[in-house]
file coords23.txt (compact mmCIF, C-alpha atoms)
# COMPACT_ATOMS: atom_id res chain seq x y z
CA MET Z 1 -1.11 -23.12 -30.29
CA GLY Z 2 -3.65 -24.35 -27.82
CA PHE Z 3 -2.59 -22.60 -24.64
CA LEU Z 4 -5.45 -22.21 -22.22
CA GLU Z 5 -6.51 -18.61 -22.20
CA ARG Z 6 -8.01 -18.77 -18.76
CA VAL Z 7 -6.46 -19.63 -15.44
CA PRO Z 8 -6.83 -23.37 -15.19
CA GLN Z 9 -8.53 -25.07 -12.30
CA LEU Z 10 -5.50 -26.12 -10.33
CA ASP Z 11 -7.08 -26.68 -6.94
CA ASN Z 12 -7.29 -30.43 -7.45
CA VAL Z 13 -3.60 -30.53 -8.38
CA ILE Z 14 -2.73 -29.00 -5.03
CA ALA Z 15 -4.98 -31.47 -3.24
CA ARG Z 16 -3.25 -34.27 -5.11
CA LEU Z 17 0.16 -32.97 -4.09
CA GLU Z 18 -0.93 -32.77 -0.48
CA ARG Z 19 -2.20 -36.33 -0.45
CA ALA Z 20 0.93 -37.65 -2.13
CA GLU Z 21 2.61 -40.42 -0.21
CA HIS Z 22 5.31 -41.33 -2.71
CA LEU Z 23 7.60 -39.31 -4.94
CA GLU Z 24 6.15 -41.20 -7.95
CA GLU Z 25 2.96 -39.21 -7.48
CA LEU Z 26 4.88 -36.05 -8.30
CA GLN Z 27 5.62 -37.62 -11.67
CA THR Z 28 1.97 -38.27 -12.52
CA THR Z 29 1.06 -34.79 -11.31
CA ILE Z 30 3.69 -33.09 -13.44
CA GLU Z 31 2.54 -35.03 -16.52
CA TRP Z 32 -1.02 -33.92 -15.87
CA LEU Z 33 0.09 -30.30 -15.51
CA ARG Z 34 2.16 -30.42 -18.69
CA ASP Z 35 -0.89 -31.66 -20.60
CA HIS Z 36 -3.07 -29.11 -18.87
CA TYR Z 37 -0.91 -26.20 -20.00
CA ALA Z 38 -0.47 -27.80 -23.44
CA ILE Z 39 3.27 -27.25 -23.46
CA ASP Z 40 6.11 -29.58 -24.46
CA ASP Z 41 7.68 -30.14 -21.07
CA MET Z 42 7.58 -29.48 -17.37
CA VAL Z 43 10.39 -30.54 -15.04
CA TYR Z 44 11.07 -30.38 -11.31
CA HIS Z 45 14.59 -31.07 -10.07
CA TRP Z 46 16.11 -30.73 -6.64
CA VAL Z 47 19.60 -30.92 -5.19
CA SER Z 48 20.02 -30.93 -1.43
CA SER Z 49 23.08 -29.74 0.44
CA ASN Z 50 24.38 -33.30 0.89
CA GLY Z 51 24.25 -33.80 -2.88
CA THR Z 52 21.12 -35.98 -3.04
CA GLN Z 53 19.19 -35.38 -6.23
CA TYR Z 54 15.64 -36.05 -7.20
CA GLY Z 55 13.83 -35.18 -10.35
CA CYS Z 56 10.56 -35.72 -12.11
CA GLY Z 57 9.31 -34.42 -15.39
CA THR Z 58 8.37 -35.06 -18.95
CA TYR Z 59 11.70 -34.94 -20.80
CA ASP Z 60 12.49 -37.97 -22.95
CA PRO Z 61 14.34 -40.46 -20.69
CA LYS Z 62 16.98 -40.68 -23.46
CA TRP Z 63 17.67 -36.98 -22.98
CA VAL Z 64 17.87 -37.34 -19.20
CA ALA Z 65 20.37 -40.20 -19.59
CA ARG Z 66 22.34 -38.21 -22.16
CA TYR Z 67 22.36 -35.16 -19.84
CA LEU Z 68 23.80 -37.20 -16.99
CA GLU Z 69 26.27 -39.06 -19.19
CA LYS Z 70 27.62 -35.84 -20.71
CA GLY Z 71 27.78 -34.06 -17.35
CA TYR Z 72 25.66 -31.22 -18.75
CA LEU Z 73 24.92 -30.00 -15.24
CA ARG Z 74 28.19 -28.06 -15.48
CA VAL Z 75 27.41 -26.63 -18.94
CA ASP Z 76 23.66 -26.01 -18.86
CA PRO Z 77 23.12 -22.20 -18.89
CA VAL Z 78 19.78 -22.73 -17.10
CA VAL Z 79 21.43 -24.41 -14.11
CA ILE Z 80 24.34 -21.94 -14.12
CA GLY Z 81 21.94 -19.00 -14.35
CA CYS Z 82 19.60 -20.23 -11.62
CA TYR Z 83 21.81 -21.90 -9.02
CA GLN Z 84 21.84 -19.94 -5.75
CA ARG Z 85 19.39 -17.40 -7.22
CA PHE Z 86 15.80 -16.68 -6.28
CA HIS Z 87 14.42 -14.81 -9.29
CA PRO Z 88 12.57 -16.57 -12.13
CA VAL Z 89 14.47 -16.75 -15.41
CA ASP Z 90 13.28 -16.68 -19.01
CA TRP Z 91 15.80 -18.71 -21.02
CA ARG Z 92 16.09 -15.84 -23.49
CA ARG Z 93 17.85 -13.84 -20.77
CA LEU Z 94 20.56 -16.46 -20.29
CA ASP Z 95 23.98 -16.46 -21.89
CA TRP Z 96 23.93 -19.00 -24.74
CA SER Z 97 26.88 -17.43 -26.55
CA GLY Z 98 29.61 -19.85 -25.48
CA LYS Z 99 30.59 -22.74 -27.70
CA ALA Z 100 29.70 -25.36 -25.06
CA ALA Z 101 26.33 -23.71 -24.37
CA ARG Z 102 25.45 -23.62 -28.08
CA ALA Z 103 26.42 -27.25 -28.54
CA PHE Z 104 24.37 -28.15 -25.48
CA MET Z 105 21.32 -26.34 -26.84
CA GLN Z 106 21.64 -28.10 -30.19
CA ASP Z 107 21.90 -31.48 -28.50
CA ALA Z 108 18.90 -30.65 -26.32
CA MET Z 109 16.82 -29.63 -29.32
CA ALA Z 110 17.86 -32.78 -31.17
CA HIS Z 111 16.35 -34.66 -28.23
CA GLY Z 112 13.08 -32.78 -28.51
CA VAL Z 113 13.62 -30.10 -25.85
CA GLY Z 114 11.91 -26.84 -26.74
CA HIS Z 115 14.04 -23.76 -27.31
CA GLN Z 116 11.83 -21.58 -25.12
CA GLY Z 117 11.88 -22.00 -21.38
CA TYR Z 118 11.06 -20.42 -18.06
CA SER Z 119 12.76 -21.65 -14.90
CA ILE Z 120 11.93 -20.91 -11.29
CA PRO Z 121 14.69 -21.46 -8.74
CA ILE Z 122 13.71 -22.25 -5.17
CA ARG Z 123 15.79 -22.08 -2.05
CA GLY Z 124 14.57 -24.56 0.48
CA PRO Z 125 15.71 -25.08 4.07
CA HIS Z 126 19.28 -26.15 4.93
CA GLY Z 127 20.84 -25.44 1.56
CA GLN Z 128 18.26 -27.37 -0.43
CA PHE Z 129 17.92 -26.05 -3.97
CA ALA Z 130 15.30 -26.86 -6.57
CA LEU Z 131 14.44 -25.80 -10.08
CA PHE Z 132 11.02 -25.90 -11.69
CA THR Z 133 11.00 -25.48 -15.45
CA VAL Z 134 8.47 -25.21 -18.25
CA SER Z 135 9.65 -25.42 -21.82
CA HIS Z 136 8.11 -25.27 -25.25
CA THR Z 137 8.66 -24.77 -28.97
CA CYS Z 138 7.00 -21.60 -30.18
CA THR Z 139 7.68 -18.05 -31.28
CA ASP Z 140 9.03 -15.40 -28.94
CA GLU Z 141 5.68 -13.59 -28.96
CA GLU Z 142 3.76 -16.73 -28.06
CA TRP Z 143 6.18 -17.55 -25.26
CA THR Z 144 6.03 -14.05 -23.82
CA HIS Z 145 2.25 -14.29 -23.86
CA PHE Z 146 2.29 -17.69 -22.15
CA THR Z 147 4.71 -16.71 -19.40
CA GLU Z 148 2.97 -13.42 -18.67
CA LEU Z 149 -0.36 -15.20 -18.45
CA ASN Z 150 0.85 -18.07 -16.25
CA ARG Z 151 3.92 -16.82 -14.41
CA ARG Z 152 2.14 -16.36 -11.13
CA ASP Z 153 0.55 -19.81 -11.06
CA LEU Z 154 3.78 -21.46 -12.16
CA ILE Z 155 5.73 -19.81 -9.35
CA LEU Z 156 3.17 -21.03 -6.81
CA LEU Z 157 3.16 -24.54 -8.30
CA ALA Z 158 6.97 -24.58 -8.16
CA HIS Z 159 6.87 -23.87 -4.44
CA TYR Z 160 4.09 -26.36 -3.74
CA PHE Z 161 5.99 -29.05 -5.66
CA ASN Z 162 9.04 -28.34 -3.57
CA GLN Z 163 7.11 -28.45 -0.31
CA THR Z 164 5.70 -31.84 -1.27
CA ALA Z 165 9.10 -33.17 -2.27
CA LEU Z 166 10.58 -31.98 1.03
CA MET Z 167 7.75 -33.62 2.94
CA LEU Z 168 8.39 -36.93 1.18
CA GLU Z 169 12.15 -36.81 1.62
CA PRO Z 170 13.20 -40.06 3.30
CA GLY Z 171 13.91 -39.72 6.99
CA ARG Z 172 12.26 -36.34 7.28
CA THR Z 173 9.59 -35.68 9.84
CA PRO Z 174 6.85 -33.67 8.20
CA GLU Z 175 6.57 -30.14 9.45
CA ALA Z 176 3.29 -29.04 10.92
CA THR Z 177 0.99 -27.04 8.71
CA GLN Z 178 1.99 -23.39 8.71
CA PRO Z 179 -0.30 -21.72 11.25
CA LEU Z 180 -1.97 -18.42 10.43
CA SER Z 181 -1.35 -15.50 12.74
CA PRO Z 182 -4.40 -14.13 14.61
CA ARG Z 183 -4.56 -11.19 12.17
CA GLU Z 184 -4.62 -13.54 9.19
CA VAL Z 185 -7.30 -15.67 10.84
CA GLU Z 186 -9.45 -12.56 11.25
CA THR Z 187 -8.85 -11.60 7.63
CA MET Z 188 -9.77 -15.01 6.22
CA THR Z 189 -12.78 -15.30 8.52
CA LEU Z 190 -14.24 -11.98 7.37
CA LEU Z 191 -13.65 -12.89 3.72
CA ALA Z 192 -15.33 -16.25 4.35
CA VAL Z 193 -18.50 -14.63 5.67
CA GLY Z 194 -18.68 -12.49 2.55
CA TYR Z 195 -17.15 -9.16 3.54
CA SER Z 196 -15.69 -7.16 0.67
CA ARG Z 197 -12.04 -6.24 0.87
CA ALA Z 198 -12.95 -2.67 1.72
CA GLN Z 199 -15.15 -3.89 4.58
CA VAL Z 200 -12.45 -6.23 5.89
CA ALA Z 201 -9.89 -3.41 5.83
CA GLU Z 202 -12.25 -1.09 7.64
CA THR Z 203 -13.18 -3.70 10.25
CA LEU Z 204 -9.53 -4.45 10.97
CA SER Z 205 -8.55 -0.75 10.85
CA ILE Z 206 -5.90 -1.35 8.21
CA SER Z 207 -5.48 -0.02 4.70
CA GLU Z 208 -6.50 -2.07 1.68
CA HIS Z 209 -2.83 -2.11 0.72
CA THR Z 210 -1.91 -3.82 3.99
CA LEU Z 211 -4.86 -6.16 3.56
CA ARG Z 212 -3.59 -7.21 0.13
CA VAL Z 213 -0.27 -8.19 1.71
CA TYR Z 214 -2.03 -10.15 4.49
CA ILE Z 215 -4.06 -12.03 1.90
CA GLU Z 216 -1.05 -12.69 -0.33
CA SER Z 217 0.83 -14.14 2.62
CA ALA Z 218 -2.11 -16.17 3.98
CA ARG Z 219 -2.75 -17.63 0.50
CA PHE Z 220 0.77 -18.97 0.34
CA LYS Z 221 0.70 -20.39 3.88
CA LEU Z 222 -2.54 -22.15 3.00
CA GLY Z 223 -1.03 -23.60 -0.18
CA ALA Z 224 -3.71 -21.98 -2.30
CA MET Z 225 -3.76 -20.68 -5.87
CA ASN Z 226 -6.17 -17.80 -5.25
CA THR Z 227 -8.17 -16.12 -2.50
CA THR Z 228 -11.36 -18.19 -2.90
CA HIS Z 229 -9.27 -21.33 -2.74
CA ALA Z 230 -7.47 -19.98 0.32
CA VAL Z 231 -10.72 -19.33 2.19
CA ALA Z 232 -11.95 -22.85 1.38
CA ARG Z 233 -8.71 -24.37 2.58
CA ALA Z 234 -8.63 -22.34 5.79
CA MET Z 235 -12.10 -23.67 6.56
CA SER Z 236 -11.39 -27.29 5.65
CA ARG Z 237 -8.24 -27.25 7.75
CA GLY Z 238 -10.14 -25.86 10.68
CA GLN Z 239 -7.94 -22.76 10.78
CA ILE Z 240 -11.01 -20.57 10.63
CA VAL Z 241 -14.48 -21.31 11.92
CA VAL Z 242 -17.42 -19.56 10.34
CA MET W 1 24.65 3.22 -12.69
CA ILE W 2 22.60 0.59 -10.92
CA ARG W 3 24.04 -2.88 -10.45
CA TYR W 4 22.07 -5.90 -9.31
CA LEU W 5 24.43 -8.34 -7.63
CA TYR W 6 23.87 -11.46 -5.57
CA GLY W 7 26.17 -11.92 -2.59
CA ASP W 8 28.25 -14.51 -4.42
CA GLN W 9 28.87 -12.00 -7.24
CA LEU W 10 30.31 -9.28 -4.98
CA GLY W 11 33.75 -10.87 -5.22
CA LYS W 12 33.97 -9.64 -8.82
CA HIS W 13 33.41 -6.06 -7.62
CA PRO W 14 35.67 -5.83 -4.54
CA ARG W 15 35.92 -2.01 -4.33
CA LEU W 16 32.20 -1.55 -4.81
CA ALA W 17 31.37 -4.21 -2.21
CA ARG W 18 33.87 -2.94 0.35
CA SER W 19 32.66 0.63 0.02
CA MET W 20 29.06 -0.57 0.42
CA PHE W 21 29.76 -2.38 3.69
CA GLU W 22 31.83 0.60 4.90
CA ASP W 23 29.03 3.03 4.06
CA ARG W 24 26.60 0.76 5.90
CA ALA W 25 28.84 0.93 8.98
CA ASP W 26 28.96 4.72 8.61
CA GLN W 27 25.20 5.05 8.28
CA PHE W 28 23.89 2.47 10.73
CA LYS W 29 26.61 2.54 13.42
CA THR W 30 28.22 5.99 13.27
CA ARG W 31 25.32 8.19 12.18
CA LEU W 32 22.27 6.31 13.52
CA GLY W 33 23.82 4.50 16.46
CA TRP W 34 22.06 1.21 15.72
CA GLU W 35 23.30 -1.92 17.44
CA VAL W 36 24.94 -3.42 14.40
CA THR W 37 28.15 -5.42 14.16
CA VAL W 38 31.09 -3.73 12.47
CA THR W 39 34.17 -5.77 11.56
CA GLU W 40 37.72 -4.72 12.49
CA ASP W 41 38.21 -3.28 9.03
CA GLY W 42 35.11 -1.13 9.35
CA GLN W 43 32.44 -3.08 7.47
CA GLU W 44 28.88 -3.66 8.66
CA LEU W 45 27.67 -7.20 7.98
CA ASP W 46 24.87 -9.23 9.53
CA VAL W 47 23.56 -12.80 9.31
CA TYR W 48 21.32 -11.95 6.36
CA ASP W 49 24.36 -11.04 4.28
CA ASP W 50 25.34 -14.72 4.64
CA LEU W 51 22.15 -15.84 2.88
CA ASN W 52 23.31 -14.75 -0.59
CA PRO W 53 20.84 -11.88 -0.86
CA LEU W 54 20.34 -9.73 -3.94
CA TYR W 55 21.95 -6.30 -3.57
CA VAL W 56 20.85 -3.33 -5.63
CA ILE W 57 23.72 -0.87 -5.69
CA TRP W 58 24.17 2.61 -7.12
CA GLU W 59 27.73 2.67 -8.44
CA THR W 60 29.28 6.13 -8.75
CA ALA W 61 31.34 7.32 -11.71
CA THR W 62 34.48 6.39 -9.77
CA GLY W 63 33.28 2.84 -9.16
CA LEU W 64 32.32 3.32 -5.52
CA HIS W 65 29.13 2.73 -3.58
CA GLY W 66 26.65 5.62 -3.63
CA GLY W 67 23.67 3.83 -2.13
CA SER W 68 22.19 0.36 -1.87
CA MET W 69 19.52 -1.95 -0.55
CA ARG W 70 19.30 -5.68 0.05
CA PHE W 71 16.59 -8.14 -0.97
CA LEU W 72 15.61 -11.58 0.27
CA PRO W 73 12.50 -13.63 -0.57
CA THR W 74 10.08 -14.00 2.33
CA THR W 75 9.81 -17.74 1.62
CA GLY W 76 13.12 -18.02 3.49
CA ARG W 77 14.64 -16.35 6.54
CA THR W 78 14.01 -12.62 6.80
CA MET W 79 14.85 -9.90 9.27
CA VAL W 80 11.28 -8.66 9.53
CA ASN W 81 9.87 -12.10 10.38
CA GLU W 82 12.64 -12.81 12.88
CA HIS W 83 12.91 -9.42 14.60
CA PHE W 84 10.04 -7.07 13.83
CA LEU W 85 6.78 -9.01 14.19
CA ASP W 86 5.68 -6.53 16.84
CA LEU W 87 5.55 -3.93 14.05
CA THR W 88 3.50 -6.07 11.63
CA ASP W 89 0.62 -6.92 13.99
CA GLY W 90 2.27 -10.29 14.48
CA VAL W 91 1.88 -11.30 10.84
CA PRO W 92 4.94 -13.10 9.42
CA PHE W 93 4.87 -12.24 5.71
CA GLN W 94 5.55 -15.28 3.59
CA SER W 95 5.06 -15.48 -0.15
CA PRO W 96 7.16 -15.82 -3.30
CA PHE W 97 5.52 -12.53 -4.36
CA ILE W 98 6.69 -10.59 -1.31
CA TRP W 99 10.37 -9.76 -1.02
CA GLU W 100 12.02 -8.15 1.97
CA CYS W 101 14.08 -4.99 1.48
CA THR W 102 16.56 -4.06 4.24
CA ARG W 103 19.72 -2.01 4.83
CA PHE W 104 18.61 0.86 2.61
CA CYS W 105 21.76 2.93 2.74
CA LEU W 106 22.96 6.18 1.24
CA SER W 107 26.61 7.19 1.24
CA ARG W 108 27.50 10.48 2.95
CA ASN W 109 28.54 11.72 -0.48
CA ALA W 110 25.52 10.37 -2.33
CA GLU W 111 24.58 12.46 -5.34
CA PRO W 112 21.03 13.82 -5.46
CA GLY W 113 18.74 11.30 -7.08
CA THR W 114 20.49 8.24 -5.64
CA ALA W 115 17.57 7.21 -3.44
CA ALA W 116 15.19 7.66 -6.36
CA ALA W 117 17.45 5.59 -8.62
CA LEU W 118 17.33 2.76 -6.08
CA MET W 119 13.54 2.92 -5.82
CA LEU W 120 13.35 2.89 -9.61
CA ALA W 121 15.38 -0.32 -9.53
CA GLY W 122 12.92 -1.74 -7.01
CA GLY W 123 10.19 -1.17 -9.60
CA GLU W 124 12.22 -3.05 -12.22
CA ILE W 125 12.44 -6.02 -9.85
CA MET W 126 8.70 -5.99 -9.28
CA GLN W 127 7.92 -5.86 -12.99
CA GLY W 128 10.69 -8.19 -14.11
CA PHE W 129 10.10 -10.94 -11.56
CA GLY W 130 6.38 -10.67 -10.84
CA ILE W 131 6.91 -9.41 -7.28
CA ARG W 132 3.77 -7.79 -5.85
CA HIS W 133 5.04 -6.29 -2.61
CA PHE W 134 8.18 -5.31 -0.77
CA VAL W 135 8.23 -5.31 3.00
CA GLY W 136 10.98 -2.99 4.14
CA VAL W 137 12.86 -2.30 7.36
CA PHE W 138 14.27 1.22 7.32
CA ASP W 139 15.53 4.15 9.31
CA ALA W 140 12.30 6.02 10.13
CA ARG W 141 13.75 9.28 8.86
CA MET W 142 13.89 7.76 5.38
CA VAL W 143 10.12 8.14 5.12
CA ARG W 144 10.59 11.83 4.35
CA ILE W 145 12.92 10.98 1.48
CA TYR W 146 10.65 8.24 0.14
CA ASN W 147 7.74 10.66 0.17
CA ARG W 148 9.71 13.34 -1.59
CA ILE W 149 10.74 11.07 -4.47
CA GLY W 150 7.18 9.83 -4.92
CA ALA W 151 7.59 6.30 -3.56
CA ALA W 152 5.93 6.57 -0.17
CA PRO W 153 5.74 3.29 1.74
CA GLU W 154 2.78 2.36 3.87
CA VAL W 155 4.33 2.42 7.32
CA LEU W 156 3.07 -0.49 9.44
CA GLY W 157 4.84 0.47 12.62
CA THR W 158 7.83 2.19 14.17
CA GLN W 159 9.92 1.36 17.21
CA GLY W 160 12.55 3.45 19.00
CA GLU W 161 12.93 7.20 18.89
CA GLY W 162 15.04 9.81 17.18
CA ARG W 163 18.03 8.44 15.28
CA GLN W 164 17.26 4.95 16.49
CA ALA W 165 13.69 4.85 15.18
CA ILE W 166 13.17 1.84 12.91
CA SER W 167 10.08 1.40 10.73
CA VAL W 168 8.54 -1.47 8.83
CA GLY W 169 6.63 -0.55 5.71
CA LEU W 170 5.14 -1.88 2.50
CA TRP W 171 5.51 -0.94 -1.15
CA GLU W 172 3.64 -2.17 -4.16
CA PHE W 173 4.15 -1.42 -7.82
CA SER W 174 2.38 1.42 -9.53
CA ALA W 175 3.18 2.62 -13.03
CA ALA W 176 2.38 6.20 -11.98
CA ALA W 177 4.81 6.01 -9.05
CA GLN W 178 7.46 4.56 -11.36
CA GLN W 179 7.09 7.64 -13.63
CA ARG W 180 7.35 10.01 -10.65
CA VAL W 181 10.43 8.25 -9.30
CA SER W 182 12.01 8.27 -12.75
CA ARG W 183 11.62 12.05 -12.87
CA ALA W 184 12.94 12.45 -9.31
CA ALA W 185 15.97 10.33 -10.21
CA GLY W 186 16.54 12.13 -13.49
CA ILE W 187 16.80 8.71 -15.10
CA PRO W 188 14.59 7.73 -18.06
CA LEU W 189 12.71 4.44 -17.65
CA GLN W 190 14.54 3.09 -20.67
CA THR W 191 17.92 3.63 -19.00
CA SER W 192 16.70 1.96 -15.84
CA ARG W 193 15.48 -1.03 -17.86
CA GLY W 194 18.84 -1.15 -19.60
CA TRP W 195 20.67 -1.53 -16.27
CA PHE W 196 18.29 -4.29 -15.24
CA GLU W 197 18.99 -6.12 -18.50
CA ALA W 198 22.73 -5.59 -18.15
CA SER W 199 22.55 -7.57 -14.90
CA PHE W 200 19.88 -10.16 -15.69
CA GLY W 201 20.27 -10.48 -19.46
CA ASN W 202 18.08 -9.06 -22.18
CA MET W 203 15.41 -10.93 -24.07
CA ALA W 204 17.54 -12.19 -26.95
CA PRO W 205 15.34 -13.58 -29.74
CA GLN W 206 15.48 -17.31 -29.15
CA SER W 207 15.47 -18.07 -32.88
CA ASP W 208 19.07 -16.81 -32.96
CA VAL W 209 20.00 -19.56 -30.57
CA SER W 210 18.59 -22.34 -32.67
CA ALA W 211 20.25 -20.91 -35.77
CA ALA W 212 23.60 -20.72 -33.99
call {"tool": "encode", "arguments": {"input": "coords23.txt", "output": "C-alpha cells"}}
result
Amino acid sequence: MGFLERVPQLDNVIARLERAEHLEELQTTIEWLRDHYAIDDMVYHWVSSNGTQYGCGTYDPKWVARYLEKGYLRVDPVVIGCYQRFHPVDWRRLDWSGKAARAFMQDAMAHGVGHQGYSIPIRGPHGQFALFTVSHTCTDEEWTHFTELNRRDLILLAHYFNQTALMLEPGRTPEATQPLSPREVETMTLLAVGYSRAQVAETLSISEHTLRVYIESARFKLGAMNTTHAVARAMSRGQIVV
Amino acid sequence: MIRYLYGDQLGKHPRLARSMFEDRADQFKTRLGWEVTVTEDGQELDVYDDLNPLYVIWETATGLHGGSMRFLPTTGRTMVNEHFLDLTDGVPFQSPFIWECTRFCLSRNAEPGTAAALMLAGGEIMQGFGIRHFVGVFDARMVRIYNRIGAAPEVLGTQGEGRQAISVGLWEFSAAAQQRVSRAAGIPLQTSRGWFEASFGNMAPQSDVSAA
C-alpha cells in the first residue's frame, strides 16, 4: 500500500514548523506530511477554552463544511472519545454502535474519509485542547502495522504542531525556548562529543535507565524527532557548546 | 477488577471514588502523617486531582476501592516537576512518552496482590499508549513492596525520614517484569488486557463498521 517502511526524515518538517510565521504554513506542512506517509488524510484541530477554533488538514472542504453544518462535533465518536483525554486512540477502540455514530461514519465515508484512524489528543495550557488525526482506507492488519511503526513520530508531530499553533495564536507572546537543566546540558554535550550511552551514564554517575529518561525529556524540549536530531538542535540553538 | 477512569468519569462510580479519596486520607494523613489536605467529609484531594488525571483503581468484589494510582502526562503540570526537582537532579521531566504516577495508595483492607494488579495495569498503559517511562512519587516504604512483586523502580532520590520519607523513582516497561508481576498478582495477562479493553475499548474489526 506504499507506506514508508523506514522512519522518514522529518527534521526539515520540524524546522519548517519552527520558522512558520502564519497559520497557513501549518496547512502546507500537513499536506506534505500526509503525502510523505502516503495516507489518505491528516488533520490538526484545536479548540481553546474561550471557544476559538482553528483547523488545518487534508479532508475535502465539502466534508468540513458538511461536518460544521450538521453539527457533527456533538456526534463524532472521535471527538467524544478524545475530548479531555490524553491517551492516543485507535478509532477501532471507539464506540460506533449508536445509530447517530453509524450514520455519521457512513456520511464521512461517502465524503472520502477513511474508515481507519488514529487520533492523538493534546492538552495545552489554559484549557486549550487539540486533536491530531491520521486516517486511511486499508485493512485492519495494515493499519495496525502502520500505527505501530509510526505511533511515536506521530505523537511527537502532534505536539510540535500544537506548539507552533500556540505560538502563532493572535495576541500571544511567544514563550522562550524551553531551557535544558544543567544535567540535560551535560548529557547532550557528552553525546555530542561522541560518548556512548554507557560512557555518559558512567561519567554522570547515573544508571543507563535514568539516562534514557534524561534523553527522552531533552529530546522533547529540543523539539527533536530522535537523539541525533536533538544533539544537532542543542548545538544550533547554542544550548550546548562543544 | 481494575478500572481506568479519568477524573470526569468518577461521577459515574460515586462509591468507588469516595472510598478512594477516603483511603487516600487514611494512608497519607492518618498512617503516614503527610501534609495533605483532607476535606470535612474525610477525603484527600489535591490540585492535581483538578487536572482530570487518569486513575487506575482496583475495585473490590463489593464495589469499593482496594488500591489506586493517578497518572498525568509530563507535558502538562506535574507534582514531580513542581515540588520534587531536588530529587531529580534538577531535571524537569517533560515528554509525551513519560507519564507521572502519584498517590499510589492501598486500602487498609487491601487483598494480597492488589499492588501487583496495579503495577500490571501500569504495564498495560505503557504498551497500549506507547509510554516509555513512568516517573513516580511514592511513600519510600513502598519500595519494599515494589521489589517483592518484581516491579522495582529506579529510585532517584528520597527526602524526609521514617513514615514521612518520600521517594521519586522511574519505571520502564519490560515484558519479563510484566510476567513476574502477573504471577505476583495472580492475574493472567489476558485478564489484565481484558480490563484495559473494558475501559478503553477493544479493537473491533473496522470492516464491521463500514458494513453497519
call {"tool": "closest_residue", "arguments": {"input": "coords23.txt", "among": "W:Pro153, W:Gly160, W:Pro14, W:Pro188", "to": "chain Z", "atoms": "all atoms listed in the file"}}
result
W:Pro153
call {"tool": "interface_residues", "arguments": {"input": "coords23.txt", "of": "chain Z", "to": "chain W", "cutoff": "6 Å", "atoms": "only C-alpha atoms", "output": "ChimeraX atom specification"}}
result
/Z:92-93,181,217,220
call {"tool": "atom_distance", "arguments": {"input": "coords23.txt", "atom1": "CA of Lys62 in chain Z", "atom2": "CA of Val47 in chain Z"}}
result
20.9 Å
call {"tool": "residues_near_point", "arguments": {"input": "coords23.txt", "point": "(4.0, -29.1, -10.7)", "cutoff": "12 Å", "atoms": "all atoms listed in the file", "output": "PyMOL selection string"}}
result
chain Z and resi 10-18+25-37+41-45+55-58+120+131-134+153-165
call {"tool": "write_last_selection", "arguments": {"input": "coords23.txt", "atoms": "C-alpha atoms", "output": "CSV table (one decimal), in the coordinates of the input"}}
result
chain,number,residue,atom,x,y,z
Z,10,LEU,CA,-5.5,-26.1,-10.3
Z,11,ASP,CA,-7.1,-26.7,-6.9
Z,12,ASN,CA,-7.3,-30.4,-7.4
Z,13,VAL,CA,-3.6,-30.5,-8.4
Z,14,ILE,CA,-2.7,-29.0,-5.0
Z,15,ALA,CA,-5.0,-31.5,-3.2
Z,16,ARG,CA,-3.2,-34.3,-5.1
Z,17,LEU,CA,0.2,-33.0,-4.1
Z,18,GLU,CA,-0.9,-32.8,-0.5
Z,25,GLU,CA,3.0,-39.2,-7.5
Z,26,LEU,CA,4.9,-36.0,-8.3
Z,27,GLN,CA,5.6,-37.6,-11.7
Z,28,THR,CA,2.0,-38.3,-12.5
Z,29,THR,CA,1.1,-34.8,-11.3
Z,30,ILE,CA,3.7,-33.1,-13.4
Z,31,GLU,CA,2.5,-35.0,-16.5
Z,32,TRP,CA,-1.0,-33.9,-15.9
Z,33,LEU,CA,0.1,-30.3,-15.5
Z,34,ARG,CA,2.2,-30.4,-18.7
Z,35,ASP,CA,-0.9,-31.7,-20.6
Z,36,HIS,CA,-3.1,-29.1,-18.9
Z,37,TYR,CA,-0.9,-26.2,-20.0
Z,41,ASP,CA,7.7,-30.1,-21.1
Z,42,MET,CA,7.6,-29.5,-17.4
Z,43,VAL,CA,10.4,-30.5,-15.0
Z,44,TYR,CA,11.1,-30.4,-11.3
Z,45,HIS,CA,14.6,-31.1,-10.1
Z,55,GLY,CA,13.8,-35.2,-10.4
Z,56,CYS,CA,10.6,-35.7,-12.1
Z,57,GLY,CA,9.3,-34.4,-15.4
Z,58,THR,CA,8.4,-35.1,-19.0
Z,120,ILE,CA,11.9,-20.9,-11.3
Z,131,LEU,CA,14.4,-25.8,-10.1
Z,132,PHE,CA,11.0,-25.9,-11.7
Z,133,THR,CA,11.0,-25.5,-15.4
Z,134,VAL,CA,8.5,-25.2,-18.2
Z,153,ASP,CA,0.6,-19.8,-11.1
Z,154,LEU,CA,3.8,-21.5,-12.2
Z,155,ILE,CA,5.7,-19.8,-9.4
Z,156,LEU,CA,3.2,-21.0,-6.8
Z,157,LEU,CA,3.2,-24.5,-8.3
Z,158,ALA,CA,7.0,-24.6,-8.2
Z,159,HIS,CA,6.9,-23.9,-4.4
Z,160,TYR,CA,4.1,-26.4,-3.7
Z,161,PHE,CA,6.0,-29.0,-5.7
Z,162,ASN,CA,9.0,-28.3,-3.6
Z,163,GLN,CA,7.1,-28.4,-0.3
Z,164,THR,CA,5.7,-31.8,-1.3
Z,165,ALA,CA,9.1,-33.2,-2.3
call {"tool": "closest_residue", "arguments": {"input": "coords23.txt", "among": "W:Gln159, W:Gln127, W:Gln27, W:Asn109", "to": "Phe173 in chain W", "atoms": "all atoms listed in the file"}}
result
W:Gln127
call {"tool": "closest_residue", "arguments": {"input": "coords23.txt", "among": "Z:Val89, Z:Ala201, Z:Tyr67, Z:Ala192", "to": "His229 in chain Z", "atoms": "all atoms listed in the file"}}
result
Z:Ala192
call {"tool": "residues_around", "arguments": {"input": "coords23.txt", "residues": "range 61-68 of chain W", "least_positions_apart": "2", "cutoff": "8 Å", "atoms": "all atoms listed in the file", "output": "PyMOL selection string"}}
result
chain W and resi 1+15-17+19-20+23+55-59+70+103-107+109-111+114-115+118
call {"tool": "atom_distance", "arguments": {"input": "coords23.txt", "atom1": "CA of Phe21 in chain W", "atom2": "CA of Thr39 in chain W"}}
result
9.6 Å
call {"tool": "atom_distance", "arguments": {"input": "coords23.txt", "atom1": "CA of Leu222 in chain Z", "atom2": "CA of Phe138 in chain W"}}
result
29.1 Å
call {"tool": "closest_residue", "arguments": {"input": "coords23.txt", "among": "Z:Gln239, Z:Glu186, Z:Tyr59, Z:Thr227", "to": "Met109 in chain Z", "atoms": "all atoms listed in the file"}}
result
Z:Tyr59
